>>> print(open('protein.cif').read())   # mmCIF, C-alpha atoms and all ligand atoms
data_run
#
loop_
_atom_site.label_atom_id
_atom_site.label_comp_id
_atom_site.auth_asym_id
_atom_site.auth_seq_id
_atom_site.Cartn_x
_atom_site.Cartn_y
_atom_site.Cartn_z
CA MET A 1 -52.50 -20.64 -50.17
CA TYR A 2 -52.92 -24.29 -49.22
CA ALA A 3 -49.94 -26.53 -48.38
CA ILE A 4 -50.65 -30.17 -49.26
CA LYS A 5 -48.37 -33.01 -48.21
CA GLU A 6 -49.99 -35.60 -50.48
CA ALA A 7 -53.25 -36.49 -52.21
CA PHE A 8 -54.41 -39.89 -53.42
CA TYR A 9 -57.44 -41.99 -54.31
CA THR A 10 -58.12 -44.85 -51.88
CA LEU A 11 -60.75 -46.37 -49.57
CA GLN A 12 -61.54 -44.60 -46.32
CA GLY A 13 -60.03 -46.95 -43.76
CA GLU A 14 -61.59 -45.76 -40.51
CA GLY A 15 -64.88 -45.08 -38.75
CA ALA A 16 -68.41 -45.24 -40.10
CA GLN A 17 -67.36 -44.45 -43.70
CA ALA A 18 -64.77 -47.27 -43.76
CA GLY A 19 -64.64 -48.94 -47.16
CA ARG A 20 -65.88 -45.89 -49.08
CA PRO A 21 -63.89 -44.81 -52.16
CA SER A 22 -62.38 -41.42 -51.30
CA ALA A 23 -59.99 -38.79 -52.58
CA PHE A 24 -57.66 -38.11 -49.65
CA CYS A 25 -56.13 -34.67 -49.23
CA ARG A 26 -53.47 -34.53 -46.54
CA PHE A 27 -52.64 -30.98 -45.41
CA ALA A 28 -49.10 -30.26 -44.23
CA GLY A 29 -48.56 -29.30 -40.58
CA CYS A 30 -50.17 -29.97 -37.19
CA ASN A 31 -50.65 -27.96 -34.00
CA LEU A 32 -50.04 -30.94 -31.65
CA TRP A 33 -46.70 -32.23 -33.05
CA SER A 34 -44.01 -30.75 -35.28
CA GLY A 35 -43.81 -34.03 -37.20
CA ARG A 36 -40.13 -34.42 -36.29
CA GLU A 37 -39.19 -37.61 -34.43
CA LYS A 38 -36.92 -35.68 -32.03
CA ASP A 39 -39.99 -33.78 -30.77
CA ARG A 40 -42.41 -36.73 -30.55
CA GLU A 41 -42.06 -37.64 -26.87
CA ARG A 42 -42.49 -34.06 -25.63
CA SER A 43 -45.49 -33.31 -27.84
CA ILE A 44 -49.16 -33.23 -26.89
CA CYS A 45 -49.89 -35.96 -29.46
CA ARG A 46 -47.22 -38.68 -29.30
CA PHE A 47 -48.59 -41.68 -31.23
CA CYS A 48 -49.16 -40.21 -34.70
CA ASP A 49 -48.83 -42.70 -37.56
CA THR A 50 -48.48 -40.09 -40.32
CA ASP A 51 -45.80 -38.07 -42.14
CA PHE A 52 -47.35 -34.65 -42.72
CA VAL A 53 -44.18 -32.54 -43.04
CA GLY A 54 -43.64 -30.57 -46.23
CA THR A 55 -45.34 -30.72 -49.61
CA ASP A 56 -43.15 -33.34 -51.26
CA GLY A 57 -45.51 -36.36 -51.23
CA GLN A 58 -47.53 -37.95 -54.03
CA ASN A 59 -49.61 -35.21 -55.73
CA GLY A 60 -48.50 -32.76 -53.04
CA GLY A 61 -47.71 -29.10 -53.52
CA ARG A 62 -48.79 -25.54 -52.84
CA PHE A 63 -52.06 -24.27 -54.28
CA ASP A 64 -52.78 -20.56 -54.57
CA THR A 65 -56.57 -20.82 -54.87
CA ALA A 66 -59.37 -23.04 -53.62
CA ARG A 67 -60.42 -23.68 -57.20
CA ALA A 68 -56.96 -24.89 -58.23
CA LEU A 69 -56.89 -27.35 -55.30
CA ALA A 70 -60.47 -28.53 -55.96
CA GLU A 71 -59.62 -29.24 -59.61
CA HIS A 72 -56.45 -31.05 -58.57
CA LEU A 73 -58.52 -33.30 -56.27
CA LEU A 74 -61.28 -33.84 -58.84
CA ALA A 75 -58.62 -35.16 -61.25
CA LEU A 76 -57.99 -38.01 -58.75
CA TRP A 77 -61.58 -39.22 -59.14
CA PRO A 78 -61.65 -42.14 -61.63
CA GLU A 79 -64.48 -40.75 -63.79
CA ALA A 80 -62.40 -41.06 -66.95
CA ARG A 81 -61.87 -44.80 -66.48
CA PRO A 82 -63.79 -46.83 -69.06
CA ASP A 83 -65.11 -49.21 -66.39
CA TYR A 84 -66.25 -46.40 -64.03
CA THR A 85 -69.89 -46.63 -62.95
CA GLY A 86 -70.61 -43.47 -60.98
CA GLY A 87 -71.28 -42.46 -57.37
CA THR A 88 -70.92 -39.16 -55.54
CA PRO A 89 -67.27 -38.07 -55.34
CA TYR A 90 -66.10 -38.02 -51.72
CA VAL A 91 -63.08 -36.12 -50.42
CA VAL A 92 -61.48 -36.64 -47.00
CA PHE A 93 -59.47 -33.68 -45.72
CA THR A 94 -56.92 -34.86 -43.20
CA GLY A 95 -53.35 -34.09 -42.24
CA GLY A 96 -51.64 -33.02 -40.19
CA GLU A 97 -54.46 -30.92 -38.86
CA PRO A 98 -56.84 -29.91 -41.66
CA LEU A 99 -58.68 -27.20 -39.69
CA LEU A 100 -55.49 -25.10 -39.73
CA GLN A 101 -56.11 -24.59 -43.47
CA LEU A 102 -59.60 -25.71 -44.54
CA ASP A 103 -61.71 -22.57 -45.09
CA PRO A 104 -65.16 -21.64 -46.49
CA ASP A 105 -63.65 -20.94 -49.95
CA LEU A 106 -62.32 -24.48 -50.24
CA ILE A 107 -65.57 -26.01 -48.95
CA GLU A 108 -67.51 -24.04 -51.54
CA ALA A 109 -65.10 -24.98 -54.34
CA MET A 110 -65.30 -28.70 -53.45
CA HIS A 111 -69.11 -28.61 -53.37
CA ALA A 112 -69.09 -26.79 -56.74
CA CYS A 113 -67.03 -29.72 -58.11
CA GLY A 114 -69.75 -32.12 -56.86
CA PHE A 115 -67.87 -33.51 -53.83
CA GLU A 116 -69.24 -34.59 -50.48
CA ILE A 117 -66.75 -33.48 -47.84
CA GLY A 118 -65.35 -35.51 -44.96
CA VAL A 119 -62.87 -34.14 -42.43
CA GLU A 120 -60.59 -35.85 -39.87
CA THR A 121 -59.71 -33.44 -37.07
CA ASN A 122 -58.18 -33.49 -33.61
CA GLY A 123 -60.98 -31.14 -32.43
CA THR A 124 -58.74 -28.36 -31.07
CA LEU A 125 -60.12 -25.82 -33.56
CA THR A 126 -63.76 -25.22 -34.39
CA ALA A 127 -64.88 -26.44 -37.80
CA PRO A 128 -66.23 -24.14 -40.52
CA GLU A 129 -69.82 -24.63 -41.73
CA GLY A 130 -70.63 -26.92 -44.64
CA ILE A 131 -68.65 -30.08 -43.82
CA ASP A 132 -70.80 -33.13 -44.65
CA TRP A 133 -69.03 -35.67 -42.41
CA LEU A 134 -67.00 -34.48 -39.45
CA CYS A 135 -64.85 -36.97 -37.54
CA VAL A 136 -63.35 -35.65 -34.30
CA SER A 137 -60.49 -37.58 -32.67
CA PRO A 138 -59.55 -36.08 -29.27
CA LYS A 139 -55.92 -36.08 -28.20
CA GLY A 140 -54.54 -36.42 -24.65
CA VAL A 141 -54.68 -33.21 -22.65
CA ALA A 142 -55.52 -31.01 -25.66
CA GLU A 143 -58.62 -28.91 -25.07
CA LEU A 144 -61.56 -30.13 -27.18
CA LYS A 145 -63.14 -27.11 -28.88
CA GLN A 146 -65.19 -28.95 -31.53
CA GLN A 147 -67.73 -30.88 -29.45
CA SER A 148 -70.21 -31.93 -32.13
CA GLY A 149 -70.11 -33.75 -35.44
CA GLN A 150 -71.03 -37.03 -37.10
CA GLU A 151 -68.47 -39.28 -35.38
CA LEU A 152 -66.16 -39.15 -32.42
CA LYS A 153 -63.30 -41.58 -32.98
CA LEU A 154 -61.00 -41.96 -30.01
CA VAL A 155 -57.64 -43.72 -30.31
CA TYR A 156 -57.49 -46.16 -27.37
CA PRO A 157 -56.00 -46.36 -24.82
CA GLN A 158 -54.81 -42.84 -23.99
CA GLU A 159 -53.95 -42.21 -20.36
CA GLU A 160 -55.06 -38.59 -20.57
CA ALA A 161 -58.22 -39.13 -22.65
CA HIS A 162 -60.57 -41.69 -21.15
CA PRO A 163 -63.72 -42.48 -23.21
CA SER A 164 -65.99 -41.39 -20.32
CA ARG A 165 -64.87 -37.78 -20.95
CA PHE A 166 -66.54 -37.79 -24.36
CA GLU A 167 -69.58 -40.07 -24.14
CA HIS A 168 -72.08 -37.24 -23.52
CA LEU A 169 -71.02 -35.08 -26.48
CA ASP A 170 -73.19 -34.38 -29.52
CA PHE A 171 -72.11 -37.09 -32.01
CA GLU A 172 -74.07 -39.70 -33.96
CA HIS A 173 -71.39 -42.40 -33.71
CA PHE A 174 -68.78 -43.25 -31.07
CA TYR A 175 -65.74 -45.30 -32.07
CA LEU A 176 -62.67 -46.59 -30.31
CA GLN A 177 -59.69 -47.27 -32.58
CA PRO A 178 -56.86 -49.40 -31.19
CA MET A 179 -53.64 -47.40 -30.98
CA ASP A 180 -51.10 -48.62 -33.54
CA LEU A 181 -47.90 -48.69 -31.48
CA ALA A 182 -45.55 -49.20 -34.46
CA PRO A 183 -44.97 -45.47 -35.11
CA ARG A 184 -43.42 -45.20 -31.62
CA GLY A 185 -41.37 -48.31 -32.23
CA GLU A 186 -43.26 -50.15 -29.51
CA GLN A 187 -44.84 -53.55 -29.42
CA GLY A 188 -47.94 -54.49 -27.46
CA ASN A 189 -51.55 -55.41 -27.84
CA THR A 190 -54.01 -52.53 -27.78
CA MET A 191 -56.63 -54.58 -29.65
CA ALA A 192 -57.70 -56.78 -26.75
CA ALA A 193 -58.25 -53.83 -24.40
CA THR A 194 -60.19 -51.92 -27.06
CA VAL A 195 -62.44 -54.89 -27.83
CA ASP A 196 -63.03 -55.40 -24.12
CA TYR A 197 -63.96 -51.73 -23.56
CA CYS A 198 -66.48 -51.82 -26.41
CA MET A 199 -68.00 -55.04 -25.13
CA THR A 200 -68.54 -53.59 -21.66
CA HIS A 201 -69.59 -50.10 -22.92
CA PRO A 202 -71.90 -50.73 -25.90
CA GLN A 203 -72.19 -47.03 -26.80
CA TRP A 204 -68.72 -47.51 -28.31
CA ARG A 205 -67.98 -49.49 -31.46
CA LEU A 206 -64.68 -50.82 -32.75
CA SER A 207 -62.95 -48.98 -35.62
CA LEU A 208 -60.14 -50.89 -37.28
CA GLN A 209 -57.73 -49.19 -39.68
CA ILE A 210 -58.75 -51.41 -42.59
CA HIS A 211 -56.35 -49.74 -45.06
CA LYS A 212 -53.47 -51.17 -43.01
CA ILE A 213 -55.09 -54.63 -43.16
CA ALA A 214 -55.72 -54.26 -46.90
CA GLY A 215 -52.20 -53.01 -47.55
CA ILE A 216 -53.31 -49.76 -49.23
CA ASP A 217 -52.70 -46.08 -48.32
C1 LIG A 301 -53.16 -38.73 -38.72
S1 LIG A 301 -54.64 -38.10 -38.05
C2 LIG A 301 -54.88 -36.59 -38.98
C3 LIG A 301 -56.13 -35.82 -38.63
C4 LIG A 301 -56.13 -35.08 -37.29
N1 LIG A 301 -54.89 -34.43 -37.00
C5 LIG A 301 -56.49 -36.02 -36.17
O1 LIG A 301 -55.64 -36.32 -35.34
O2 LIG A 301 -57.65 -36.45 -36.13
C6 LIG A 301 -55.90 -39.19 -38.77
C7 LIG A 301 -56.51 -40.23 -37.85
O3 LIG A 301 -55.52 -41.18 -37.50
C8 LIG A 301 -55.63 -41.47 -36.13
N2 LIG A 301 -54.33 -41.99 -35.67
C9 LIG A 301 -53.16 -41.33 -35.68
N3 LIG A 301 -52.17 -42.09 -35.20
C10 LIG A 301 -52.74 -43.28 -34.87
C11 LIG A 301 -52.22 -44.51 -34.31
N4 LIG A 301 -50.92 -44.64 -33.99
N5 LIG A 301 -53.09 -45.53 -34.12
C12 LIG A 301 -54.40 -45.40 -34.44
N6 LIG A 301 -54.93 -44.29 -34.98
C13 LIG A 301 -54.11 -43.24 -35.19
C14 LIG A 301 -56.01 -40.12 -35.56
O4 LIG A 301 -56.54 -40.21 -34.24
C15 LIG A 301 -57.03 -39.65 -36.55
O5 LIG A 301 -58.30 -40.18 -36.26
N1 LIG A 302 -57.11 -45.32 -46.33
C1 LIG A 302 -56.91 -44.42 -45.34
N2 LIG A 302 -57.95 -44.12 -44.53
C2 LIG A 302 -57.74 -43.17 -43.58
N3 LIG A 302 -58.65 -42.66 -42.71
C3 LIG A 302 -58.07 -41.68 -42.00
C4 LIG A 302 -56.75 -41.54 -42.42
C5 LIG A 302 -55.88 -40.41 -42.02
O1 LIG A 302 -54.66 -40.52 -42.01
O2 LIG A 302 -56.47 -39.37 -41.72
C6 LIG A 302 -56.52 -42.50 -43.41
C7 LIG A 302 -55.42 -42.87 -44.24
O3 LIG A 302 -54.28 -42.39 -44.13
N4 LIG A 302 -55.69 -43.82 -45.21
S1 LIG A 303 -53.20 -34.45 -34.03
FE1 LIG A 303 -53.44 -35.85 -35.78
S2 LIG A 303 -51.88 -35.25 -37.29
FE2 LIG A 303 -51.41 -34.18 -35.38
S3 LIG A 303 -49.86 -35.47 -34.48
FE3 LIG A 303 -51.84 -36.16 -33.64
S4 LIG A 303 -52.64 -37.78 -34.99
FE4 LIG A 303 -50.92 -36.75 -36.02
MG MG A 304 -53.61 -42.38 -41.81
#
>>> encode(input="protein.cif", output="structure tokens", more="lines below")
Ligand SMILES: C[S@@+](CC[C@H](N)C(=O)[O-])C[C@H]1O[C@@H](n2cnc3c(N)ncnc32)[C@H](O)[C@@H]1O
Ligand SMILES: Nc1nc2[nH]cc(C(=O)O)c2c(=O)[nH]1
Ligand code: SF4
Ligand SMILES: [Mg+2]
Amino acid sequence: MYAIKEAFYTLQGEGAQAGRPSAFCRFAGCNLWSGREKDRERSICRFCDTDFVGTDGQNGGRFDTARALAEHLLALWPEARPDYTGGTPYVVFTGGEPLLQLDPDLIEAMHACGFEIGVETNGTLTAPEGIDWLCVSPKGVAELKQQSGQELKLVYPQEEAHPSRFEHLDFEHFYLQPMDLAPRGEQGNTMAATVDYCMTHPQWRLSLQIHKIAGID
């Protein structure tokens, strides 16, 4: 059984695949925060910008089989539109924490439907085989178990997770993403510090959350 908060068709907003049309599948639940505001400040991850509680979002629900979920996600792809011109379907599994639920059955079912598979994870669980694009985003003091992938995308700044801790790991791309302070109800400029760190440490590139700039999901 898979518990899905929401699913929608949009553009990937972050990292090296930013701008790519994608079916997003947001799993319910996370191991670093309950998702309840009353627990935020005593959680391991305290800056989350996402509601991942329950299965009541757009196209959310509970799916008994991998095939049922894969077909649900394939229906988001705009193939039936008269002006559609093709391209490999791309799914991004996120959450919440997708590695609490993503399993070999679902990977196989998505590939059978013709999808390339991207995953956004906090790296505290090891990833199953077969993911085509793995983005790991380390969090504070949480132990990093998944130490390889296509991109490491660190939200910056985090007192307990300095970039130097991650720069020798086995990733193709290294990104710093300015922390959006709005979810914590704070104001401040994380952009300037992130730009400055990238400019003095050229291994790191800037990732902006372009969906927030574009005003889409
Ligand atoms: C909501 S998380 C879900 C996937 C997974 N739990 C994780 O943390 O990577 C998706 C992405 O948003 C990033 N993110 C979450 N809150 C953010 C914030 N306030 N500012 C910038 N990026 C944020 C995460 O670091 C992660 O890369
Ligand atoms: N457009 C868009 N791109 C994203 N990239 C990562 C996201 C996430 O919440 O995992 C996200 C998201 O929520 N929306
Ligand atoms: S690990 Fe990801 S989903 Fe969980 S609270 Fe942090 S940013 Fe949100
Ligand atoms: Mg998001």
>>> atom_distance(input="protein.cif", atom1="CA of Arg67 in chain A", atom2="CA of Met110 in chain A")
7.9 Å
>>> residues_around(input="protein.cif", residues="range 167-183 of chain A", least_positions_apart="6", cutoff="7 Å", atoms="all atoms listed in the file", output="PyMOL selection string")
chain A and resi 15+47-49+147-157+190-191+194+203-208
>>> closest_residue(input="protein.cif", among="A:Ala7, A:Ala142, A:Cys45, A:Ala75", to="ligand LIG 302 (chain A)", atoms="only C-alpha atoms and all ligand atoms")
A:Ala7
>>> atom_distance(input="protein.cif", atom1="CA of Phe24 in chain A", atom2="CA of Asp64 in chain A")
18.9 Å
>>> atom_distance(input="protein.cif", atom1="CA of Gly19 in chain A", atom2="CA of Leu69 in chain A")
24.3 Å
>>> closest_residue(input="protein.cif", among="A:Leu144, A:Leu76, A:Val92, A:Ala193", to="Arg20 in chain A", atoms="only C-alpha atoms")
A:Val92
>>> residues_near_ligand(input="protein.cif", ligand="ligand MG 304 (chain A)", cutoff="9 Å", atoms="all atoms listed in the file", output="number ranges by chain")
A: 13-14, 48-51, 94-95, 209, 211-212, 217
>>> write_last_selection(input="protein.cif", atoms="C-alpha atoms", output="mmCIF file, keeping the file's coordinate frame")
data_model
loop_
_atom_site.group_PDB
_atom_site.id
_atom_site.type_symbol
_atom_site.label_atom_id
_atom_site.label_comp_id
_atom_site.auth_asym_id
_atom_site.auth_seq_id
_atom_site.Cartn_x
_atom_site.Cartn_y
_atom_site.Cartn_z
ATOM 1 C CA GLY A 13 -60.030 -46.950 -43.760
ATOM 2 C CA GLU A 14 -61.590 -45.760 -40.510
ATOM 3 C CA CYS A 48 -49.160 -40.210 -34.700
ATOM 4 C CA ASP A 49 -48.830 -42.700 -37.560
ATOM 5 C CA THR A 50 -48.480 -40.090 -40.320
ATOM 6 C CA ASP A 51 -45.800 -38.070 -42.140
ATOM 7 C CA THR A 94 -56.920 -34.860 -43.200
ATOM 8 C CA GLY A 95 -53.350 -34.090 -42.240
ATOM 9 C CA GLN A 209 -57.730 -49.190 -39.680
ATOM 10 C CA HIS A 211 -56.350 -49.740 -45.060
ATOM 11 C CA LYS A 212 -53.470 -51.170 -43.010
ATOM 12 C CA ASP A 217 -52.700 -46.080 -48.320
#
>>> residues_around(input="protein.cif", residues="Glu108 in chain A", least_positions_apart="5", cutoff="10 Å", atoms="all atoms listed in the file", output="list in words")
Ala66, Arg67, Ala70, Asp103, Cys113, Gly114, Phe115, Gly130 and Ile131 of chain A
>>> closest_residue(input="protein.cif", among="A:Leu106, A:Val119, A:Ile213, A:Ile44", to="ligand LIG 301 (chain A)", atoms="all atoms listed in the file")
A:Val119
>>> axis_aligned_box(input="protein.cif", around="range 17-30 of chain A", padding_each_side="8 Å", output="lines of an AutoDock Vina configuration file")
center_x = -58.0
center_y = -39.1
center_z = -44.9
size_x = 34.8
size_y = 35.6
size_z = 31.4
>>> residues_around(input="protein.cif", residues="Gly35 in chain A", least_positions_apart="5", cutoff="8 Å", atoms="only C-alpha atoms", output="list in words")
Gly29, Cys30, Arg40, Asp51, Phe52 and Val53 of chain A
>>> closest_residue(input="protein.cif", among="A:Trp133, A:Phe93, A:Tyr197, A:Trp77", to="ligand LIG 302 (chain A)", atoms="only C-alpha atoms and all ligand atoms")
A:Phe93
>>> closest_residue(input="protein.cif", among="A:Gly57, A:Pro78, A:Gly185, A:Pro21", to="ligand LIG 301 (chain A)", atoms="only C-alpha atoms and all ligand atoms")
A:Gly185
>>> residues_near_point(input="protein.cif", point="(-67.7, -35.3, -52.8)", cutoff="7 Å", atoms="only C-alpha atoms", output="PyMOL selection string")
chain A and resi 88-91+111+114-117
>>> decode(input="protein.cif", residues="range 38-53 of chain A", atoms="N, CA and C atoms", output="mmCIF file, in the first residue's frame")
data_model
loop_
_atom_site.group_PDB
_atom_site.id
_atom_site.type_symbol
_atom_site.label_atom_id
_atom_site.label_comp_id
_atom_site.auth_asym_id
_atom_site.auth_seq_id
_atom_site.Cartn_x
_atom_site.Cartn_y
_atom_site.Cartn_z
ATOM 1 N N LYS A 38 3.218 22.208 15.673
ATOM 2 C CA LYS A 38 3.582 22.194 17.100
ATOM 3 C C LYS A 38 4.876 21.404 17.341
ATOM 4 N N ASP A 39 5.241 20.531 16.418
ATOM 5 C CA ASP A 39 6.461 19.728 16.567
ATOM 6 C C ASP A 39 7.664 20.306 15.820
ATOM 7 N N ARG A 40 7.442 21.347 14.998
ATOM 8 C CA ARG A 40 8.494 21.799 14.076
ATOM 9 C C ARG A 40 9.806 22.114 14.787
ATOM 10 N N GLU A 41 9.746 22.952 15.828
ATOM 11 C CA GLU A 41 10.990 23.459 16.427
ATOM 12 C C GLU A 41 11.778 22.393 17.196
ATOM 13 N N ARG A 42 11.144 21.278 17.543
ATOM 14 C CA ARG A 42 11.922 20.209 18.207
ATOM 15 C C ARG A 42 12.162 19.017 17.277
ATOM 16 N N SER A 43 12.073 19.261 15.983
ATOM 17 C CA SER A 43 12.315 18.192 15.015
ATOM 18 C C SER A 43 13.743 18.254 14.482
ATOM 19 N N ILE A 44 14.171 17.198 13.847
ATOM 20 C CA ILE A 44 15.513 17.190 13.242
ATOM 21 C C ILE A 44 15.532 18.131 12.038
ATOM 22 N N CYS A 45 14.460 18.128 11.256
ATOM 23 C CA CYS A 45 14.349 19.030 10.103
ATOM 24 C C CYS A 45 13.300 20.088 10.433
ATOM 25 N N ARG A 46 13.715 21.366 10.477
ATOM 26 C CA ARG A 46 12.840 22.409 11.031
ATOM 27 C C ARG A 46 12.415 23.469 10.025
ATOM 28 N N PHE A 47 12.873 23.346 8.760
ATOM 29 C CA PHE A 47 12.597 24.428 7.798
ATOM 30 C C PHE A 47 11.715 23.976 6.636
ATOM 31 N N CYS A 48 11.105 22.821 6.755
ATOM 32 C CA CYS A 48 10.366 22.222 5.637
ATOM 33 C C CYS A 48 9.284 23.159 5.087
ATOM 34 N N ASP A 49 9.217 23.221 3.758
ATOM 35 C CA ASP A 49 8.253 24.113 3.095
ATOM 36 C C ASP A 49 7.019 23.363 2.584
ATOM 37 N N THR A 50 6.795 22.128 3.064
ATOM 38 C CA THR A 50 5.816 21.251 2.409
ATOM 39 C C THR A 50 4.819 20.650 3.385
ATOM 40 N N ASP A 51 3.550 20.569 2.950
ATOM 41 C CA ASP A 51 2.513 19.825 3.685
ATOM 42 C C ASP A 51 2.465 18.404 3.110
ATOM 43 N N PHE A 52 2.883 17.449 3.922
ATOM 44 C CA PHE A 52 2.908 16.051 3.462
ATOM 45 C C PHE A 52 2.058 15.144 4.355
ATOM 46 N N VAL A 53 1.166 15.749 5.140
ATOM 47 C CA VAL A 53 0.353 14.977 6.089
ATOM 48 C C VAL A 53 -0.945 14.507 5.426
#
